[in-house]
Amino acid sequence: MSRFRCLVAIGLVSACVIVSADDWPQFRGTNADGIAGSTLPTQWAADEGETQNIKWQVPIQGEGWSSPIISNGQIFLTAAVPVDEDKADAAKPTEYSGGGGSRRDDLTSTTFHYDVICLDAATGKENWRRTAKQGRPPMPRHSSNTYATETPVTDGKSIFAYFGMNGVYCYDLAGELRWQKDLGSFEMRAGWGTSSSPVLFDGKLYIQVDNEEQSFVIALDADSGEEVWRVNREEKSQYSSPIIWTNSKRSELIVGGVVYRSYDPMTGDLLWQLDMEKGRSSATPIAVGNRLFVGTELRNRGGDDDGGGFLFAIKPGGSGDITPPNDATDSEFIAWKTDSSDIQMASPTFCDGHLYFLERRAASVTCVNAETGDIAYKQRIRGARAFWASPWSDGKNVYCLDTGGTTYVIAGGAAFRLVSENVIDEQAWSTPGIADGAIYLRTLSHLYSIAEPSKSSE
């Protein structure tokens with residue numbers, strides 16, 4: 001076994017000791033890596049002529065690209081619902097067709113209620129729905145975004161729902177409000193809205209609030225909502241989510257930006273920083289054992305924002321500025337650097353020693369050797385539409401959901417092989433939640449439970 005694979009195995013085993021494999025408590029799962037704890041189905045269909053491996057499907061009222069999370073046999077997700085039902089269709093996010101898209105200033109005159117929803121994972125039945133807030137949005141959003149894009153997080157006792165500039169709300173599992181907190185409202189780049197999801201660790205809730213006015217990262221006490229610490233950041237609007245990286249030396253709060261930074265989760269003290277050479281932090285980083293992989297999206301080649309697009313593999317124990325000097329591709333705390341990963345909006349996943357990145361508009365997948373940074377392949381997926389949802393893996397295959405609702409399953413490893421195509425003919429941007437062998441896939445209007453009969457009957 002290679003040294004990297006050994007470190008990966010140690011990291012994954014230690015994580016499984018403290019977290020139930022049957023839960024999916026936050027954006028991209030227990031370790032924020034999109035890796036499922038059990039084997040997943042590779043075939044399903046949900047059209048009028050055929051239904052295969054669809055355990056149930058239920059309509060979801062309101063807009064929202066937040067991912068479903070699963071805990072104790074219950075599914076939790078958020079939605080923003082226009083009070084005037086006649087405005088519901090006009091308020092829905094539209095398909096992104098390239099270019100800059102459009103800014104929806106008109107929605108700031110529409111009253112929404114911001115809902116936290118609980119469903120039974122076995123049946124899809126709605127157990128409860130709570131309105132956290134009702135009012136007009138404090139800012140416009142992109143036509144393809146929603147006012148409920150941030151994924152909630154749970155510690156198994158409470159649900160923490162963050163609605164961007166509309167505040168953060170804590171409920172118990174029965175739907176009783178425990179506390180709420182207003183973090184302020186700040187202008188976002190080009191009126192695109194927000195998307196960064198919160199993360200929990202050691203009794204604290206961490207939220208990245210990067211914007212055009214005063215960016216900061218904040219730690220709240222999970223029991224009371226009281227502020228524990230706040231650190232101002234020299235960043236503008238970013239869209240990735242923070243993660244906790246627990247490695248062989250310590251636990252770190254990793255926060256993306258033009259400069260990637262690691263903070264002490266207990267105090268907010270800066271541990272290290274890495275200059276990403278411009279770009280935009282849209283994809284959430286991924287940690288696999290003793291390696292952290294971070295990157296920024298290449299923007300506007302030849303323009304004012306030229307730069308970025310790099311992917312770094314970081315080793316534990318760094319301090320201060322760990323940026324490699326003089327365009328070097330490695331250093332004491334950098335294992336390797338590449339500019340060929342095609343990291344964009346979708347966050348990467350890991351399978352069979354490789355990282356997988358989805359290029360948005362070209363609908364292609366890039367496979368990178370996680371130990372060396374070498375590109376194993378870049379492959380356009382024939383027939384696929386754009387990729388916004390993040391890929392996920394069950395350790396054997398990698399699942400790629402396009403905006404048209406089709407999931408392409410590819411085999412893990414260094415050679416591209418398409419295993420299957422699974423069609424649900426609905427707009428889909430939300431990254432699915434996974435628990436106990438089932439995929440919970442959210443489209444524009446529905447939530448689907450996808451599971452093989454042997455799994456769904458357990």
# chains A, B, ... in the order shown; residues from 1 in each chain; ligands from 1
call {"tool": "select_by_dssp", "arguments": {"residues": "segment 308-440 of chain A", "states": "strand (DSSP E or B)", "output": "number ranges by chain"}}
result
A: 311-314, 320-321, 334-338, 349-351, 354-359, 364-369, 375-380, 392-393, 397-401, 406-411, 418-423, 433-435, 438-440
call {"tool": "residues_around", "arguments": {"residues": "Asp374 of chain A", "least_positions_apart": "4", "cutoff": "9 Å", "atoms": "only C-alpha atoms", "output": "list in words"}}
result
Thr338, Ser340, Cys367, Val368, Asn369 and Ala370 of chain A
call {"tool": "residues_around", "arguments": {"residues": "segment 187-189 of chain A", "least_positions_apart": "5", "cutoff": "6 Å", "atoms": "only C-alpha atoms", "output": "tab-separated table (two decimals) with all heavy atoms, in the first residue's frame"}}
result
chain	number	residue	atom	x	y	z
A	211	ASN	N	-18.42	38.83	1.29
A	211	ASN	CA	-19.30	39.73	0.56
A	211	ASN	C	-18.49	40.91	0.05
A	211	ASN	O	-17.26	40.93	0.15
A	211	ASN	CB	-20.44	40.17	1.48
A	211	ASN	CG	-19.92	40.80	2.77
A	211	ASN	OD1	-19.52	41.97	2.79
A	211	ASN	ND2	-19.89	40.03	3.86
A	212	GLU	N	-19.18	41.91	-0.49
A	212	GLU	CA	-18.50	43.07	-1.09
A	212	GLU	C	-18.23	44.19	-0.09
A	212	GLU	O	-17.57	45.17	-0.44
A	212	GLU	CB	-19.35	43.62	-2.25
A	212	GLU	CG	-19.55	42.64	-3.39
A	212	GLU	CD	-18.24	42.20	-4.02
A	212	GLU	OE1	-17.57	43.05	-4.65
A	212	GLU	OE2	-17.87	41.02	-3.86
A	237	SER	N	-16.75	38.66	-2.30
A	237	SER	CA	-17.73	37.57	-2.35
A	237	SER	C	-17.10	36.25	-2.79
A	237	SER	O	-16.43	36.18	-3.81
A	237	SER	CB	-18.85	37.93	-3.32
A	237	SER	OG	-19.49	39.12	-2.94
call {"tool": "closest_residue", "arguments": {"among": "A:Gly437, A:Lys157, A:Trp179, A:Gly412", "to": "Pro453 of chain A", "atoms": "only C-alpha atoms"}}
result
A:Gly437
call {"tool": "closest_residue", "arguments": {"among": "A:Pro285, A:Pro391, A:Gly404, A:Gly191", "to": "Pro432 of chain A", "atoms": "only C-alpha atoms"}}
result
A:Pro391
call {"tool": "residues_around", "arguments": {"residues": "Val255 of chain A", "least_positions_apart": "5", "cutoff": "9 Å", "atoms": "only C-alpha atoms", "output": "NGL selection string"}}
result
:A and (208 or 217 or 240-243 or 260-263 or 284-285)
call {"tool": "write_last_selection", "arguments": {"atoms": "all heavy atoms", "output": "mmCIF file, in the first residue's frame"}}
result
data_model
loop_
_atom_site.group_PDB
_atom_site.id
_atom_site.type_symbol
_atom_site.label_atom_id
_atom_site.label_comp_id
_atom_site.auth_asym_id
_atom_site.auth_seq_id
_atom_site.Cartn_x
_atom_site.Cartn_y
_atom_site.Cartn_z
ATOM 1 N N GLN A 208 -19.148 31.161 6.955
ATOM 2 C CA GLN A 208 -18.325 32.041 6.141
ATOM 3 C C GLN A 208 -19.234 33.080 5.488
ATOM 4 O O GLN A 208 -20.123 32.737 4.714
ATOM 5 C CB GLN A 208 -17.597 31.217 5.080
ATOM 6 C CG GLN A 208 -16.739 32.008 4.111
ATOM 7 C CD GLN A 208 -16.084 31.103 3.073
ATOM 8 O OE1 GLN A 208 -16.186 29.868 3.149
ATOM 9 N NE2 GLN A 208 -15.411 31.691 2.106
ATOM 10 N N VAL A 217 -15.565 35.440 9.016
ATOM 11 C CA VAL A 217 -15.964 34.094 9.399
ATOM 12 C C VAL A 217 -16.297 34.145 10.882
ATOM 13 O O VAL A 217 -15.614 34.832 11.656
ATOM 14 C CB VAL A 217 -14.865 33.056 9.084
ATOM 15 C CG1 VAL A 217 -13.567 33.357 9.788
ATOM 16 C CG2 VAL A 217 -15.344 31.649 9.418
ATOM 17 N N SER A 240 -17.771 29.154 -1.905
ATOM 18 C CA SER A 240 -17.468 27.839 -1.356
ATOM 19 C C SER A 240 -17.872 27.789 0.113
ATOM 20 O O SER A 240 -18.141 28.813 0.745
ATOM 21 C CB SER A 240 -15.972 27.543 -1.492
ATOM 22 O OG SER A 240 -15.205 28.544 -0.841
ATOM 23 N N SER A 241 -17.914 26.571 0.662
ATOM 24 C CA SER A 241 -18.259 26.377 2.071
ATOM 25 C C SER A 241 -17.011 25.987 2.861
ATOM 26 O O SER A 241 -16.131 25.297 2.338
ATOM 27 C CB SER A 241 -19.314 25.277 2.215
ATOM 28 O OG SER A 241 -20.496 25.606 1.512
ATOM 29 N N PRO A 242 -16.930 26.397 4.119
ATOM 30 C CA PRO A 242 -15.802 25.978 4.947
ATOM 31 C C PRO A 242 -15.913 24.497 5.303
ATOM 32 O O PRO A 242 -17.002 23.923 5.279
ATOM 33 C CB PRO A 242 -15.928 26.863 6.188
ATOM 34 C CG PRO A 242 -17.394 27.182 6.258
ATOM 35 C CD PRO A 242 -17.874 27.253 4.846
ATOM 36 N N ILE A 243 -14.782 23.885 5.620
ATOM 37 C CA ILE A 243 -14.775 22.501 6.099
ATOM 38 C C ILE A 243 -13.836 22.387 7.298
ATOM 39 O O ILE A 243 -12.995 23.250 7.528
ATOM 40 C CB ILE A 243 -14.341 21.480 5.018
ATOM 41 C CG1 ILE A 243 -12.850 21.662 4.677
ATOM 42 C CG2 ILE A 243 -15.207 21.584 3.783
ATOM 43 C CD1 ILE A 243 -12.271 20.507 3.869
ATOM 44 N N TYR A 260 -6.485 31.204 0.386
ATOM 45 C CA TYR A 260 -7.031 30.156 1.258
ATOM 46 C C TYR A 260 -6.419 30.303 2.638
ATOM 47 O O TYR A 260 -5.228 30.581 2.773
ATOM 48 C CB TYR A 260 -6.726 28.766 0.698
ATOM 49 C CG TYR A 260 -7.956 28.082 0.158
ATOM 50 C CD1 TYR A 260 -8.385 28.304 -1.150
ATOM 51 C CD2 TYR A 260 -8.698 27.222 0.963
ATOM 52 C CE1 TYR A 260 -9.519 27.682 -1.646
ATOM 53 C CE2 TYR A 260 -9.840 26.601 0.476
ATOM 54 C CZ TYR A 260 -10.244 26.835 -0.815
ATOM 55 O OH TYR A 260 -11.379 26.224 -1.293
ATOM 56 N N ARG A 261 -7.265 30.105 3.668
ATOM 57 C CA ARG A 261 -6.785 30.274 5.035
ATOM 58 C C ARG A 261 -7.241 29.114 5.922
ATOM 59 O O ARG A 261 -8.322 28.580 5.735
ATOM 60 C CB ARG A 261 -7.282 31.596 5.625
ATOM 61 C CG ARG A 261 -6.727 32.840 4.924
ATOM 62 C CD ARG A 261 -7.360 34.110 5.462
ATOM 63 N NE ARG A 261 -6.781 35.307 4.893
ATOM 64 C CZ ARG A 261 -7.194 35.893 3.769
ATOM 65 N NH1 ARG A 261 -8.207 35.364 3.095
ATOM 66 N NH2 ARG A 261 -6.610 36.996 3.330
ATOM 67 N N SER A 262 -6.393 28.797 6.883
ATOM 68 C CA SER A 262 -6.707 27.813 7.911
ATOM 69 C C SER A 262 -6.755 28.528 9.249
ATOM 70 O O SER A 262 -5.826 29.279 9.601
ATOM 71 C CB SER A 262 -5.643 26.712 7.937
ATOM 72 O OG SER A 262 -5.782 25.911 9.096
ATOM 73 N N TYR A 263 -7.845 28.290 9.993
ATOM 74 C CA TYR A 263 -8.021 28.923 11.306
ATOM 75 C C TYR A 263 -8.086 27.853 12.396
ATOM 76 O O TYR A 263 -8.546 26.724 12.158
ATOM 77 C CB TYR A 263 -9.320 29.736 11.340
ATOM 78 C CG TYR A 263 -9.410 30.854 10.323
ATOM 79 C CD1 TYR A 263 -10.034 30.647 9.094
ATOM 80 C CD2 TYR A 263 -8.899 32.112 10.604
ATOM 81 C CE1 TYR A 263 -10.140 31.670 8.157
ATOM 82 C CE2 TYR A 263 -9.006 33.150 9.670
ATOM 83 C CZ TYR A 263 -9.622 32.920 8.454
ATOM 84 O OH TYR A 263 -9.720 33.934 7.536
ATOM 85 N N THR A 284 -16.088 23.789 -2.922
ATOM 86 C CA THR A 284 -15.686 23.534 -1.543
ATOM 87 C C THR A 284 -14.497 22.584 -1.536
ATOM 88 O O THR A 284 -14.466 21.618 -2.304
ATOM 89 C CB THR A 284 -16.865 22.932 -0.760
ATOM 90 O OG1 THR A 284 -17.913 23.911 -0.701
ATOM 91 C CG2 THR A 284 -16.474 22.527 0.649
ATOM 92 N N PRO A 285 -13.491 22.833 -0.693
ATOM 93 C CA PRO A 285 -12.316 21.962 -0.672
ATOM 94 C C PRO A 285 -12.651 20.561 -0.184
ATOM 95 O O PRO A 285 -13.728 20.316 0.368
ATOM 96 C CB PRO A 285 -11.361 22.679 0.296
ATOM 97 C CG PRO A 285 -12.261 23.492 1.174
ATOM 98 C CD PRO A 285 -13.394 23.920 0.291
#
